[in-house]
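Worksheet for the structure shown next.
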Amino acid sequence: MKRNYQKELEKILKQQEEKQWIPKLFLHSCCAPCSSYVLEYLSQYFQITVFYYNPNIYPEIEYLKRVEEQKKFIYDFQKNRSSHIDFLEGVYKKERFYEMAKGMEELPEGGERCFRCYELRLREAAYYAKEMNMDYFTTTLSISPLKNAEKLNEIGERLAKEYGVNYLVSDFKKKNGYQRSIELSREYHMYRQDYCGCIFSMQERERQKLERYNSNYEVINK
């Protein structure tokens with residue numbers, strides 16, 4: 001039977017409320033827009049440290065733009081709230097991503113190369129969560145309709161056993177989470193990128209744009 005990760009998450013949150021326990025959560029973030037709803041949702045239940053670790057992002061100027069947007073959102077989000085959110089930036093060592101992707105450059109988006117990228121980032125999150133004595137770690141990645149929530153949770157739970165720190169299961173796109181992230185992006189005037197982040201996703205997006213342009217051109221000139 002297919003697992004309902006949202007219901008599993010709600011059960012965990014309910015148990016914490018009953019215990020009046022506010023655990024420490026190490027939250028890997030892929031970008032500020034995706035983190036928006038997740039922080040709005042989970043900051044009610046956790047002490048959160050946002051971990052920005054994305055060595056896949058290309059080019060470097062795009063990485064710098066996204067990490068600054070993440071910092072800005074956290075600052076703006078906390079202004080009128082009682083909850084405090086910490087921030088930690090991982091090391092932007094893009095060579096780690098290219099080493100991981102070697103031999104998979106031609107694979108389509110959403111396949112094995114992406115799954116390996118999930119693990120690269122979640123493994124770093126698990127390591128730091130353990131080092132910093134966190135109660136849980138998880139990622140914002142499951143909010144995207146383009147990301148495989150089942151695979152993300154499978155990797156997260158495997159790493160949880162390996163590192164000895166709990167993984168918080170999620171499918172943040174549920175309960176209109178993705179739609180809410182779009183609303184919050186508008187509310188906070190956030191920069192929303194139009195590709196996942198890596199050079200391969202950028203190339204795929206450029207191909208799609210060219211195909212749409214050619215298709216529209218053909219229609220206009222019929």
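A note on labels: chains of the structure tokens are A, B, ... as shown, every chain counts residues from 1, and ligands are counted from 1 in their shown order.
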
Residue contacts of region 145-148 of chain A (9 Å, only C-alpha atoms) excluding same-chain residues fewer than 3 positions away, as an MDAnalysis selection string: chainID A and resid 110 114:115 141:142 151:153 173 178

Selected residues written out with all heavy atoms, as a PDB file, in the first residue's frame:
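Final file, part37.pdb:
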```
ATOM      1  N   GLY A 110      14.543  14.038 -13.593  1.00  0.00           N
ATOM      2  CA  GLY A 110      13.605  13.260 -12.802  1.00  0.00           C
ATOM      3  C   GLY A 110      13.984  11.802 -12.646  1.00  0.00           C
ATOM      4  O   GLY A 110      13.236  11.028 -12.041  1.00  0.00           O
ATOM      5  N   CYS A 114      18.937  12.627 -10.709  1.00  0.00           N
ATOM      6  CA  CYS A 114      18.245  13.451  -9.706  1.00  0.00           C
ATOM      7  C   CYS A 114      18.178  12.743  -8.354  1.00  0.00           C
ATOM      8  O   CYS A 114      18.352  13.366  -7.309  1.00  0.00           O
ATOM      9  CB  CYS A 114      16.837  13.810 -10.188  1.00  0.00           C
ATOM     10  SG  CYS A 114      16.821  14.929 -11.611  1.00  0.00           S
ATOM     11  N   PHE A 115      17.948  11.426  -8.395  1.00  0.00           N
ATOM     12  CA  PHE A 115      17.885  10.664  -7.144  1.00  0.00           C
ATOM     13  C   PHE A 115      19.233  10.705  -6.414  1.00  0.00           C
ATOM     14  O   PHE A 115      19.286  10.827  -5.188  1.00  0.00           O
ATOM     15  CB  PHE A 115      17.486   9.217  -7.403  1.00  0.00           C
ATOM     16  CG  PHE A 115      16.114   9.062  -8.010  1.00  0.00           C
ATOM     17  CD1 PHE A 115      15.770   7.884  -8.670  1.00  0.00           C
ATOM     18  CD2 PHE A 115      15.175  10.077  -7.941  1.00  0.00           C
ATOM     19  CE1 PHE A 115      14.507   7.721  -9.231  1.00  0.00           C
ATOM     20  CE2 PHE A 115      13.904   9.927  -8.498  1.00  0.00           C
ATOM     21  CZ  PHE A 115      13.579   8.748  -9.141  1.00  0.00           C
ATOM     22  N   LEU A 141      12.456  19.708  -0.467  1.00  0.00           N
ATOM     23  CA  LEU A 141      12.343  19.245  -1.852  1.00  0.00           C
ATOM     24  C   LEU A 141      10.995  18.624  -2.203  1.00  0.00           C
ATOM     25  O   LEU A 141      10.533  18.730  -3.335  1.00  0.00           O
ATOM     26  CB  LEU A 141      13.454  18.234  -2.160  1.00  0.00           C
ATOM     27  CG  LEU A 141      14.851  18.810  -2.404  1.00  0.00           C
ATOM     28  CD1 LEU A 141      15.908  17.721  -2.295  1.00  0.00           C
ATOM     29  CD2 LEU A 141      14.926  19.490  -3.761  1.00  0.00           C
ATOM     30  N   SER A 142      10.331  17.999  -1.225  1.00  0.00           N
ATOM     31  CA  SER A 142       9.077  17.304  -1.542  1.00  0.00           C
ATOM     32  C   SER A 142       7.923  18.245  -1.851  1.00  0.00           C
ATOM     33  O   SER A 142       6.851  17.799  -2.258  1.00  0.00           O
ATOM     34  CB  SER A 142       8.672  16.354  -0.400  1.00  0.00           C
ATOM     35  OG  SER A 142       8.242  17.081   0.735  1.00  0.00           O
ATOM     36  N   LYS A 151      10.714   8.732  -3.293  1.00  0.00           N
ATOM     37  CA  LYS A 151      12.160   8.502  -3.334  1.00  0.00           C
ATOM     38  C   LYS A 151      12.874   9.323  -2.279  1.00  0.00           C
ATOM     39  O   LYS A 151      13.798   8.845  -1.613  1.00  0.00           O
ATOM     40  CB  LYS A 151      12.699   8.844  -4.724  1.00  0.00           C
ATOM     41  CG  LYS A 151      14.097   8.308  -4.983  1.00  0.00           C
ATOM     42  CD  LYS A 151      14.076   6.795  -5.084  1.00  0.00           C
ATOM     43  CE  LYS A 151      15.460   6.237  -5.355  1.00  0.00           C
ATOM     44  NZ  LYS A 151      15.455   4.763  -5.429  1.00  0.00           N
ATOM     45  N   LEU A 152      12.453  10.559  -2.107  1.00  0.00           N
ATOM     46  CA  LEU A 152      13.064  11.418  -1.085  1.00  0.00           C
ATOM     47  C   LEU A 152      12.926  10.812   0.311  1.00  0.00           C
ATOM     48  O   LEU A 152      13.889  10.774   1.085  1.00  0.00           O
ATOM     49  CB  LEU A 152      12.403  12.802  -1.105  1.00  0.00           C
ATOM     50  CG  LEU A 152      12.837  13.749  -2.219  1.00  0.00           C
ATOM     51  CD1 LEU A 152      11.839  14.888  -2.362  1.00  0.00           C
ATOM     52  CD2 LEU A 152      14.228  14.299  -1.939  1.00  0.00           C
ATOM     53  N   ASN A 153      11.735  10.326   0.634  1.00  0.00           N
ATOM     54  CA  ASN A 153      11.509   9.729   1.945  1.00  0.00           C
ATOM     55  C   ASN A 153      12.251   8.406   2.107  1.00  0.00           C
ATOM     56  O   ASN A 153      12.745   8.099   3.192  1.00  0.00           O
ATOM     57  CB  ASN A 153      10.013   9.548   2.179  1.00  0.00           C
ATOM     58  CG  ASN A 153       9.310  10.853   2.487  1.00  0.00           C
ATOM     59  OD1 ASN A 153       9.493  11.427   3.553  1.00  0.00           O
ATOM     60  ND2 ASN A 153       8.513  11.353   1.554  1.00  0.00           N
ATOM     61  N   LYS A 173       3.887  19.147  -0.763  1.00  0.00           N
ATOM     62  CA  LYS A 173       2.986  19.653  -1.802  1.00  0.00           C
ATOM     63  C   LYS A 173       1.517  19.392  -1.456  1.00  0.00           C
ATOM     64  O   LYS A 173       0.619  20.017  -2.014  1.00  0.00           O
ATOM     65  CB  LYS A 173       3.335  19.035  -3.158  1.00  0.00           C
ATOM     66  CG  LYS A 173       3.032  17.544  -3.289  1.00  0.00           C
ATOM     67  CD  LYS A 173       3.361  16.998  -4.657  1.00  0.00           C
ATOM     68  CE  LYS A 173       4.838  16.909  -4.910  1.00  0.00           C
ATOM     69  NZ  LYS A 173       5.541  15.943  -4.037  1.00  0.00           N
ATOM     70  N   TYR A 178       2.182  23.470  -2.237  1.00  0.00           N
ATOM     71  CA  TYR A 178       2.871  24.096  -3.374  1.00  0.00           C
ATOM     72  C   TYR A 178       2.197  25.407  -3.755  1.00  0.00           C
ATOM     73  O   TYR A 178       2.865  26.417  -3.985  1.00  0.00           O
ATOM     74  CB  TYR A 178       2.907  23.138  -4.568  1.00  0.00           C
ATOM     75  CG  TYR A 178       3.560  23.747  -5.792  1.00  0.00           C
ATOM     76  CD1 TYR A 178       4.913  24.050  -5.794  1.00  0.00           C
ATOM     77  CD2 TYR A 178       2.806  24.030  -6.933  1.00  0.00           C
ATOM     78  CE1 TYR A 178       5.518  24.631  -6.900  1.00  0.00           C
ATOM     79  CE2 TYR A 178       3.401  24.598  -8.050  1.00  0.00           C
ATOM     80  CZ  TYR A 178       4.754  24.893  -8.026  1.00  0.00           C
ATOM     81  OH  TYR A 178       5.350  25.478  -9.136  1.00  0.00           O
TER      82      TYR A 178
END
```

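Each of A:Ala32, A:Ile22, A:Leu9, A:Ile48 was checked against Phe73 (chain A) using only C-alpha atoms; the smallest atom-to-atom distance is that of A:Ala32.
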
List every residue of region 101-157 of chain A that has an atom at most 12 Å from any atom of region 49-68 of chain A, and for each one report the closest atom pair and its distance in Å to one decimal, counting only C-alpha atoms, with rows sorted by chain and then by increasing residue number, as JSON lines.
```
{"residue": "A:Ala101", "atom": "CA", "partner": "A:Asn56", "partner_atom": "CA", "distance": 9.6}
{"residue": "A:Arg113", "atom": "CA", "partner": "A:Asn56", "partner_atom": "CA", "distance": 11.1}
{"residue": "A:Cys114", "atom": "CA", "partner": "A:Asn56", "partner_atom": "CA", "distance": 10.1}
{"residue": "A:Arg116", "atom": "CA", "partner": "A:Asn56", "partner_atom": "CA", "distance": 11.0}
{"residue": "A:Cys117", "atom": "CA", "partner": "A:Asn56", "partner_atom": "CA", "distance": 7.6}
{"residue": "A:Tyr118", "atom": "CA", "partner": "A:Asn54", "partner_atom": "CA", "distance": 9.8}
{"residue": "A:Glu119", "atom": "CA", "partner": "A:Asn54", "partner_atom": "CA", "distance": 11.4}
{"residue": "A:Leu120", "atom": "CA", "partner": "A:Asn54", "partner_atom": "CA", "distance": 9.0}
{"residue": "A:Arg121", "atom": "CA", "partner": "A:Tyr53", "partner_atom": "CA", "distance": 6.4}
{"residue": "A:Leu122", "atom": "CA", "partner": "A:Tyr53", "partner_atom": "CA", "distance": 9.0}
{"residue": "A:Arg123", "atom": "CA", "partner": "A:Tyr53", "partner_atom": "CA", "distance": 10.5}
{"residue": "A:Glu124", "atom": "CA", "partner": "A:Tyr53", "partner_atom": "CA", "distance": 7.8}
{"residue": "A:Ala125", "atom": "CA", "partner": "A:Phe51", "partner_atom": "CA", "distance": 7.2}
{"residue": "A:Ala126", "atom": "CA", "partner": "A:Phe51", "partner_atom": "CA", "distance": 10.6}
{"residue": "A:Tyr127", "atom": "CA", "partner": "A:Phe51", "partner_atom": "CA", "distance": 11.5}
{"residue": "A:Tyr128", "atom": "CA", "partner": "A:Phe51", "partner_atom": "CA", "distance": 9.0}
{"residue": "A:Ala129", "atom": "CA", "partner": "A:Thr49", "partner_atom": "CA", "distance": 9.5}
{"residue": "A:Met132", "atom": "CA", "partner": "A:Thr49", "partner_atom": "CA", "distance": 10.2}
{"residue": "A:Asn133", "atom": "CA", "partner": "A:Thr49", "partner_atom": "CA", "distance": 11.8}
{"residue": "A:Met134", "atom": "CA", "partner": "A:Thr49", "partner_atom": "CA", "distance": 9.2}
{"residue": "A:Asp135", "atom": "CA", "partner": "A:Thr49", "partner_atom": "CA", "distance": 11.3}
{"residue": "A:Tyr136", "atom": "CA", "partner": "A:Thr49", "partner_atom": "CA", "distance": 10.5}
{"residue": "A:Phe137", "atom": "CA", "partner": "A:Thr49", "partner_atom": "CA", "distance": 9.5}
{"residue": "A:Thr138", "atom": "CA", "partner": "A:Phe51", "partner_atom": "CA", "distance": 9.9}
{"residue": "A:Thr139", "atom": "CA", "partner": "A:Phe51", "partner_atom": "CA", "distance": 9.0}
{"residue": "A:Thr140", "atom": "CA", "partner": "A:Val50", "partner_atom": "CA", "distance": 9.8}
{"residue": "A:Leu141", "atom": "CA", "partner": "A:Asn54", "partner_atom": "CA", "distance": 11.4}
```

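With only C-alpha atoms as the atoms that count, the residue of A:Pro108, A:Ser29, A:Gln47, A:Ser35 with the shortest distance to Glu89 (chain A) is A:Ser29.
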
Backbone-only DSSP, helix (DSSP H, G or I) members of region 182-215 of chain A, as a PyMOL selection string: chain A and resi 182-187+199-215

Filtered DSSP result for region 7-94 of chain A, state strand (DSSP E), as a list in words: Lys24, Leu25, Phe26, Leu27, His28, Ser29, Gln47, Ile48, Thr49, Val50, Phe51, Tyr52, Ile85, Asp86, Phe87, Leu88 and Glu89 of chain A

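Pairwise distance (CA of Lys19 (chain A), CA of Lys161 (chain A)) equals 24.2 Å.
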
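A straight line drawn from CA of His189 (chain A) to CA of Glu204 (chain A) is 26.2 Å long.
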
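With only C-alpha atoms taken into account, the protein and nucleic acid residues at most 9 Å from Ile182 (chain A) (excluding it and anything under 4 positions from it in its own chain) are A:Pro33, A:Cys34, A:Ser36, A:Tyr37, A:Gly177, A:Tyr178, A:Arg186, A:Glu187, A:Arg192.
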